[in-house]
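Input: a single structure, listed below in structure tokens.
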Amino acid sequence: MTALFEKYRPACWSDVIGQEKVVKTILRLRDAGGLGGRAYWISGKSGQGKTTIAKLIANEVADPLYQDELDAGELNVSRLSDIERAVALYGAGSRTGRAVIVNEAHGLRKPAVRQLLVFLERLPSHVAFIFTTTTEGMSMFEDDNIDANPLLSRCIILSLAQRDIARPFAKRAKEIAEREGLDGQPIERYVRLVNNKGGNMRAVLQAIESGEMLS
């Protein structure tokens, strides 16, 4: 059985809730020349849509077979060299680009950061490189006290909204609960649930799945 968070993960930009400013920025870049040839740094709290937005950017550039997703801890010099060689070639299918998603990017290590600084300077126009992190406003990486600013300066910074998201999240959560036959509470109970879960939509849907919002 697919978890509700995965089952209802937004499949297009209009499905993304509470992050209108970030979506508007991405669509403006897309319409101005495409999302390839750029690196993106997406930061926000857990369960607020970082991975979803990263996947939607990747889908704009590359077919699924030509998308790579990995944790920053896996990105050593050897792995990065393999990725550089792979993305030098175009993909295939309806979209001929390549996309790489690096999660937990605050965990990048010094050798990988050094190599990324060079690689991102010459990123091919058909490639999107997307970092996600739960650490906001960071100036240092966790490893070796590395200054993050040189890498961040090579990225489009996308900081997810933290304010005014409770009600949009609650409305969407209630819609999902109704569709799944798991609803029995007024909208204000959903707003409280979102706030209690720190705006983490994944945790909200897990609570609904467990029957918390049944009457």
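Residues in the structure tokens are named by chain (A, B, ... in the order shown) and by number from 1 within that chain; ligands are numbered from 1 in the order shown.
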
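Residues within 7 Å of A:Ala72, counting only C-alpha atoms and excluding same-chain residues fewer than 5 positions away, are Val102, Asn103, Glu104, Ala105, Gly107 and Leu108 of chain A.
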
Writing out the chosen residues with all heavy atoms as a PDB file, in the first residue's frame:
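This went into out31.pdb:
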```pdb
ATOM      1  N   VAL A 102      20.780  16.089  -5.307  1.00  0.00           N
ATOM      2  CA  VAL A 102      21.630  15.756  -4.161  1.00  0.00           C
ATOM      3  C   VAL A 102      20.907  16.182  -2.893  1.00  0.00           C
ATOM      4  O   VAL A 102      20.737  17.377  -2.636  1.00  0.00           O
ATOM      5  CB  VAL A 102      22.998  16.465  -4.248  1.00  0.00           C
ATOM      6  CG1 VAL A 102      23.853  16.124  -3.031  1.00  0.00           C
ATOM      7  CG2 VAL A 102      23.719  16.084  -5.542  1.00  0.00           C
ATOM      8  N   ASN A 103      20.430  15.210  -2.117  1.00  0.00           N
ATOM      9  CA  ASN A 103      19.702  15.490  -0.881  1.00  0.00           C
ATOM     10  C   ASN A 103      20.658  15.653   0.306  1.00  0.00           C
ATOM     11  O   ASN A 103      21.793  15.182   0.269  1.00  0.00           O
ATOM     12  CB  ASN A 103      18.703  14.370  -0.602  1.00  0.00           C
ATOM     13  CG  ASN A 103      17.608  14.310  -1.651  1.00  0.00           C
ATOM     14  OD1 ASN A 103      17.039  15.332  -2.030  1.00  0.00           O
ATOM     15  ND2 ASN A 103      17.306  13.112  -2.137  1.00  0.00           N
ATOM     16  N   GLU A 104      20.162  16.327   1.360  1.00  0.00           N
ATOM     17  CA  GLU A 104      20.959  16.580   2.566  1.00  0.00           C
ATOM     18  C   GLU A 104      22.282  17.258   2.213  1.00  0.00           C
ATOM     19  O   GLU A 104      23.362  16.872   2.678  1.00  0.00           O
ATOM     20  CB  GLU A 104      21.205  15.277   3.336  1.00  0.00           C
ATOM     21  CG  GLU A 104      19.937  14.518   3.697  1.00  0.00           C
ATOM     22  CD  GLU A 104      19.013  15.316   4.610  1.00  0.00           C
ATOM     23  OE1 GLU A 104      19.506  16.141   5.400  1.00  0.00           O
ATOM     24  OE2 GLU A 104      17.788  15.129   4.525  1.00  0.00           O
ATOM     25  N   ALA A 105      22.196  18.291   1.378  1.00  0.00           N
ATOM     26  CA  ALA A 105      23.392  18.901   0.797  1.00  0.00           C
ATOM     27  C   ALA A 105      24.305  19.548   1.827  1.00  0.00           C
ATOM     28  O   ALA A 105      25.495  19.771   1.553  1.00  0.00           O
ATOM     29  CB  ALA A 105      22.987  19.925  -0.258  1.00  0.00           C
ATOM     30  N   GLY A 107      25.568  18.145   4.127  1.00  0.00           N
ATOM     31  CA  GLY A 107      26.544  17.113   4.478  1.00  0.00           C
ATOM     32  C   GLY A 107      27.632  16.909   3.437  1.00  0.00           C
ATOM     33  O   GLY A 107      28.423  15.966   3.544  1.00  0.00           O
ATOM     34  N   LEU A 108      27.702  17.782   2.426  1.00  0.00           N
ATOM     35  CA  LEU A 108      28.759  17.659   1.426  1.00  0.00           C
ATOM     36  C   LEU A 108      30.143  17.770   2.070  1.00  0.00           C
ATOM     37  O   LEU A 108      30.340  18.566   2.987  1.00  0.00           O
ATOM     38  CB  LEU A 108      28.610  18.752   0.362  1.00  0.00           C
ATOM     39  CG  LEU A 108      27.487  18.566  -0.653  1.00  0.00           C
ATOM     40  CD1 LEU A 108      27.254  19.852  -1.429  1.00  0.00           C
ATOM     41  CD2 LEU A 108      27.800  17.415  -1.609  1.00  0.00           C
TER      42      LEU A 108
END
```

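For the choices A:Tyr8, A:Phe119, A:Phe169, A:Phe131, the atom-to-atom distance to A:Val77 is smallest for A:Phe119 when using only C-alpha atoms.
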
Could you list, with a cut-off of 7 Å and counting only C-alpha atoms, the residues of stretch 26-102 of chain A near stretch 179-203 of chain A, each shown with its nearest atom pair and the distance in Å rounded to one decimal, rows sorted by chain and ascending number, as a tab-separated table?
```
residue	atom	partner	partner_atom	distance
A:Ser46	CA	A:Asn200	CA	5.9
A:Gly47	CA	A:Asn200	CA	4.2
A:Gln48	CA	A:Asn200	CA	5.7
```

May I have a table of the residues of stretch 20-129 of chain A lying at most 12 Å from stretch 143-165 of chain A, giving each one's closest pair of atoms and their distance in Å to one decimal, counting only C-alpha atoms, ordered by chain and ascending residue number, as JSON lines?
```
{"residue": "A:Glu20", "atom": "CA", "partner": "A:Ala161", "partner_atom": "CA", "distance": 8.7}
{"residue": "A:Lys21", "atom": "CA", "partner": "A:Ala161", "partner_atom": "CA", "distance": 8.1}
{"residue": "A:Val22", "atom": "CA", "partner": "A:Leu158", "partner_atom": "CA", "distance": 6.1}
{"residue": "A:Val23", "atom": "CA", "partner": "A:Leu158", "partner_atom": "CA", "distance": 9.2}
{"residue": "A:Lys24", "atom": "CA", "partner": "A:Leu158", "partner_atom": "CA", "distance": 10.8}
{"residue": "A:Thr25", "atom": "CA", "partner": "A:Leu158", "partner_atom": "CA", "distance": 8.4}
{"residue": "A:Ile26", "atom": "CA", "partner": "A:Leu158", "partner_atom": "CA", "distance": 8.8}
{"residue": "A:Leu29", "atom": "CA", "partner": "A:Ile156", "partner_atom": "CA", "distance": 10.0}
{"residue": "A:Leu35", "atom": "CA", "partner": "A:Ile156", "partner_atom": "CA", "distance": 10.5}
{"residue": "A:Gly36", "atom": "CA", "partner": "A:Ile156", "partner_atom": "CA", "distance": 11.8}
{"residue": "A:Gly37", "atom": "CA", "partner": "A:Cys155", "partner_atom": "CA", "distance": 10.6}
{"residue": "A:Arg38", "atom": "CA", "partner": "A:Cys155", "partner_atom": "CA", "distance": 7.0}
{"residue": "A:Ala39", "atom": "CA", "partner": "A:Cys155", "partner_atom": "CA", "distance": 4.7}
{"residue": "A:Tyr40", "atom": "CA", "partner": "A:Ile156", "partner_atom": "CA", "distance": 4.6}
{"residue": "A:Trp41", "atom": "CA", "partner": "A:Ile157", "partner_atom": "CA", "distance": 4.9}
{"residue": "A:Ile42", "atom": "CA", "partner": "A:Leu158", "partner_atom": "CA", "distance": 4.7}
{"residue": "A:Ser43", "atom": "CA", "partner": "A:Ser159", "partner_atom": "CA", "distance": 5.0}
{"residue": "A:Gly44", "atom": "CA", "partner": "A:Leu160", "partner_atom": "CA", "distance": 5.1}
{"residue": "A:Lys45", "atom": "CA", "partner": "A:Leu160", "partner_atom": "CA", "distance": 7.9}
{"residue": "A:Ser46", "atom": "CA", "partner": "A:Leu160", "partner_atom": "CA", "distance": 10.5}
{"residue": "A:Gly47", "atom": "CA", "partner": "A:Leu160", "partner_atom": "CA", "distance": 10.9}
{"residue": "A:Gln48", "atom": "CA", "partner": "A:Leu160", "partner_atom": "CA", "distance": 7.6}
{"residue": "A:Gly49", "atom": "CA", "partner": "A:Leu160", "partner_atom": "CA", "distance": 8.0}
{"residue": "A:Lys50", "atom": "CA", "partner": "A:Leu160", "partner_atom": "CA", "distance": 7.7}
{"residue": "A:Thr51", "atom": "CA", "partner": "A:Leu160", "partner_atom": "CA", "distance": 11.4}
{"residue": "A:Thr52", "atom": "CA", "partner": "A:Leu160", "partner_atom": "CA", "distance": 11.7}
{"residue": "A:Ile53", "atom": "CA", "partner": "A:Leu158", "partner_atom": "CA", "distance": 9.8}
{"residue": "A:Ala54", "atom": "CA", "partner": "A:Leu158", "partner_atom": "CA", "distance": 10.3}
{"residue": "A:Ile57", "atom": "CA", "partner": "A:Leu158", "partner_atom": "CA", "distance": 11.9}
{"residue": "A:Ala72", "atom": "CA", "partner": "A:Asp143", "partner_atom": "CA", "distance": 11.3}
{"residue": "A:Gly73", "atom": "CA", "partner": "A:Asp143", "partner_atom": "CA", "distance": 10.3}
{"residue": "A:Ala105", "atom": "CA", "partner": "A:Ala148", "partner_atom": "CA", "distance": 10.4}
{"residue": "A:His106", "atom": "CA", "partner": "A:Asp143", "partner_atom": "CA", "distance": 8.4}
{"residue": "A:Gly107", "atom": "CA", "partner": "A:Asp143", "partner_atom": "CA", "distance": 6.6}
{"residue": "A:Leu108", "atom": "CA", "partner": "A:Asp143", "partner_atom": "CA", "distance": 7.0}
{"residue": "A:Arg109", "atom": "CA", "partner": "A:Asp143", "partner_atom": "CA", "distance": 5.6}
{"residue": "A:Lys110", "atom": "CA", "partner": "A:Ile146", "partner_atom": "CA", "distance": 6.6}
{"residue": "A:Pro111", "atom": "CA", "partner": "A:Asp144", "partner_atom": "CA", "distance": 10.2}
{"residue": "A:Ala112", "atom": "CA", "partner": "A:Leu151", "partner_atom": "CA", "distance": 10.8}
{"residue": "A:Val113", "atom": "CA", "partner": "A:Leu151", "partner_atom": "CA", "distance": 7.3}
{"residue": "A:Arg114", "atom": "CA", "partner": "A:Leu151", "partner_atom": "CA", "distance": 8.7}
{"residue": "A:Gln115", "atom": "CA", "partner": "A:Leu151", "partner_atom": "CA", "distance": 10.2}
{"residue": "A:Leu116", "atom": "CA", "partner": "A:Leu151", "partner_atom": "CA", "distance": 7.5}
{"residue": "A:Leu117", "atom": "CA", "partner": "A:Leu151", "partner_atom": "CA", "distance": 6.0}
{"residue": "A:Val118", "atom": "CA", "partner": "A:Leu151", "partner_atom": "CA", "distance": 9.6}
{"residue": "A:Phe119", "atom": "CA", "partner": "A:Arg154", "partner_atom": "CA", "distance": 10.2}
{"residue": "A:Leu120", "atom": "CA", "partner": "A:Arg154", "partner_atom": "CA", "distance": 6.8}
{"residue": "A:Glu121", "atom": "CA", "partner": "A:Arg154", "partner_atom": "CA", "distance": 7.3}
{"residue": "A:Arg122", "atom": "CA", "partner": "A:Arg154", "partner_atom": "CA", "distance": 10.5}
{"residue": "A:Leu123", "atom": "CA", "partner": "A:Arg154", "partner_atom": "CA", "distance": 10.2}
{"residue": "A:Ala128", "atom": "CA", "partner": "A:Cys155", "partner_atom": "CA", "distance": 10.5}
{"residue": "A:Phe129", "atom": "CA", "partner": "A:Cys155", "partner_atom": "CA", "distance": 8.9}
```

Practice prompt. Considering only C-alpha atoms, return as an NGL selection string whatever protein or nucleic-acid residues lie within 12 Å of A:Gly33, sequence-local ones (same chain, fewer than 5 positions apart) excluded.
Written response: :A and (26-28 or 38 or 60-61 or 125-126)

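Secondary structure of stretch 136-179 of chain A, helix (DSSP H, G or I) only (DSSP, backbone atoms): Asn149, Pro150, Leu151, Leu152, Ala166, Arg167, Pro168, Phe169, Ala170, Lys171, Arg172, Ala173, Lys174, Glu175, Ile176, Ala177, Glu178 and Arg179 of chain A.
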
Go ahead and write the selection's residues with C-alpha atoms as a tab-separated table (two decimals), in the first residue's frame.
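Wrote part-v2.tsv, looks like this:
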```tsv
chain	number	residue	atom	x	y	z
A	149	ASN	CA	29.20	30.67	0.04
A	150	PRO	CA	31.32	29.89	-3.06
A	151	LEU	CA	29.04	26.95	-3.86
A	152	LEU	CA	25.85	28.83	-3.02
A	166	ALA	CA	-0.75	26.16	7.79
A	167	ARG	CA	-4.16	26.84	6.23
A	168	PRO	CA	-3.22	25.86	2.63
A	169	PHE	CA	-1.62	22.67	3.98
A	170	ALA	CA	-4.67	22.00	6.17
A	171	LYS	CA	-7.07	22.48	3.26
A	172	ARG	CA	-5.11	20.04	1.11
A	173	ALA	CA	-4.84	17.54	3.97
A	174	LYS	CA	-8.60	17.63	4.53
A	175	GLU	CA	-9.22	17.08	0.80
A	176	ILE	CA	-6.99	14.01	0.89
A	177	ALA	CA	-8.61	12.71	4.08
A	178	GLU	CA	-12.07	13.09	2.51
A	179	ARG	CA	-10.97	11.27	-0.64
```

Fill in: DSSP-assigned strand (DSSP E or B) among stretch 5-194 of chain A, expressed as a ChimeraX atom specification
/A:38-43,62,67-71,96,98-103,127-133,140,147,156-159

Save the residues we just selected, N, CA and C atoms, as a CSV table (one decimal), in the first residue's frame?
```
chain,number,residue,atom,x,y,z
A,38,ARG,N,21.7,25.0,-15.1
A,38,ARG,CA,21.7,25.8,-13.9
A,38,ARG,C,21.8,24.8,-12.7
A,39,ALA,N,22.3,25.3,-11.5
A,39,ALA,CA,22.2,24.6,-10.3
A,39,ALA,C,21.2,25.2,-9.4
A,40,TYR,N,20.5,24.5,-8.6
A,40,TYR,CA,19.5,25.0,-7.7
A,40,TYR,C,19.8,24.5,-6.3
A,41,TRP,N,19.5,25.4,-5.3
A,41,TRP,CA,19.7,25.1,-3.9
A,41,TRP,C,18.4,25.3,-3.2
A,42,ILE,N,17.7,24.2,-2.8
A,42,ILE,CA,16.4,24.3,-2.2
A,42,ILE,C,16.5,24.0,-0.7
A,43,SER,N,16.1,25.0,0.1
A,43,SER,CA,16.2,24.8,1.5
A,43,SER,C,14.8,25.0,2.2
A,62,ALA,N,14.6,16.3,-17.8
A,62,ALA,CA,15.0,15.0,-18.2
A,62,ALA,C,13.9,13.9,-18.0
A,67,GLN,N,17.6,10.8,-14.7
A,67,GLN,CA,17.6,11.5,-13.5
A,67,GLN,C,18.3,10.7,-12.4
A,68,ASP,N,19.3,11.3,-11.7
A,68,ASP,CA,20.0,10.6,-10.6
A,68,ASP,C,19.6,11.3,-9.3
A,69,GLU,N,19.4,10.5,-8.3
A,69,GLU,CA,19.1,11.1,-6.9
A,69,GLU,C,20.0,10.3,-5.9
A,70,LEU,N,20.7,11.1,-5.1
A,70,LEU,CA,21.6,10.5,-4.1
A,70,LEU,C,21.7,11.4,-2.9
A,71,ASP,N,22.2,10.9,-1.8
A,71,ASP,CA,22.5,11.6,-0.6
A,71,ASP,C,23.9,12.2,-0.7
A,96,THR,N,15.5,15.6,-23.5
A,96,THR,CA,16.8,15.1,-23.8
A,96,THR,C,17.9,15.5,-22.8
A,98,ARG,N,19.6,16.0,-18.7
A,98,ARG,CA,20.0,15.1,-17.6
A,98,ARG,C,19.7,16.0,-16.3
A,99,ALA,N,19.4,15.3,-15.2
A,99,ALA,CA,19.2,15.9,-13.9
A,99,ALA,C,19.8,15.1,-12.8
A,100,VAL,N,20.4,15.8,-11.8
A,100,VAL,CA,21.0,15.2,-10.7
A,100,VAL,C,20.4,15.9,-9.4
A,101,ILE,N,19.9,15.1,-8.5
A,101,ILE,CA,19.4,15.6,-7.2
A,101,ILE,C,20.3,15.2,-6.1
A,102,VAL,N,20.8,16.1,-5.3
A,102,VAL,CA,21.6,15.8,-4.2
A,102,VAL,C,20.9,16.2,-2.9
A,103,ASN,N,20.4,15.2,-2.1
A,103,ASN,CA,19.7,15.5,-0.9
A,103,ASN,C,20.7,15.7,0.3
A,127,VAL,N,21.8,20.2,-18.5
A,127,VAL,CA,21.9,19.5,-17.2
A,127,VAL,C,21.4,20.5,-16.1
A,128,ALA,N,20.5,19.9,-15.2
A,128,ALA,CA,20.1,20.6,-14.0
A,128,ALA,C,20.7,19.9,-12.8
A,129,PHE,N,21.4,20.6,-11.9
A,129,PHE,CA,22.0,20.0,-10.7
A,129,PHE,C,21.2,20.6,-9.5
A,130,ILE,N,20.6,19.8,-8.7
A,130,ILE,CA,19.6,20.3,-7.7
A,130,ILE,C,20.0,19.8,-6.3
A,131,PHE,N,20.3,20.7,-5.4
A,131,PHE,CA,20.6,20.4,-4.0
A,131,PHE,C,19.4,20.7,-3.2
A,132,THR,N,19.2,19.8,-2.2
A,132,THR,CA,18.1,20.0,-1.2
A,132,THR,C,18.7,19.9,0.2
A,133,THR,N,18.3,20.8,1.1
A,133,THR,CA,18.8,20.7,2.5
A,133,THR,C,17.8,21.3,3.5
A,140,MET,N,28.2,27.6,6.4
A,140,MET,CA,29.2,26.6,6.6
A,140,MET,C,28.6,25.2,6.4
A,147,ASP,N,33.5,26.8,4.0
A,147,ASP,CA,32.7,28.0,3.7
A,147,ASP,C,31.7,27.6,2.5
A,156,ILE,N,20.9,28.9,-8.0
A,156,ILE,CA,19.7,29.6,-7.8
A,156,ILE,C,19.2,29.2,-6.4
A,157,ILE,N,19.0,30.2,-5.5
A,157,ILE,CA,18.6,29.9,-4.1
A,157,ILE,C,17.1,29.9,-4.1
A,158,LEU,N,16.5,28.8,-3.6
A,158,LEU,CA,15.1,28.6,-3.5
A,158,LEU,C,14.8,28.3,-2.0
A,159,SER,N,14.3,29.3,-1.2
A,159,SER,CA,14.0,29.0,0.2
A,159,SER,C,12.5,28.9,0.3
```
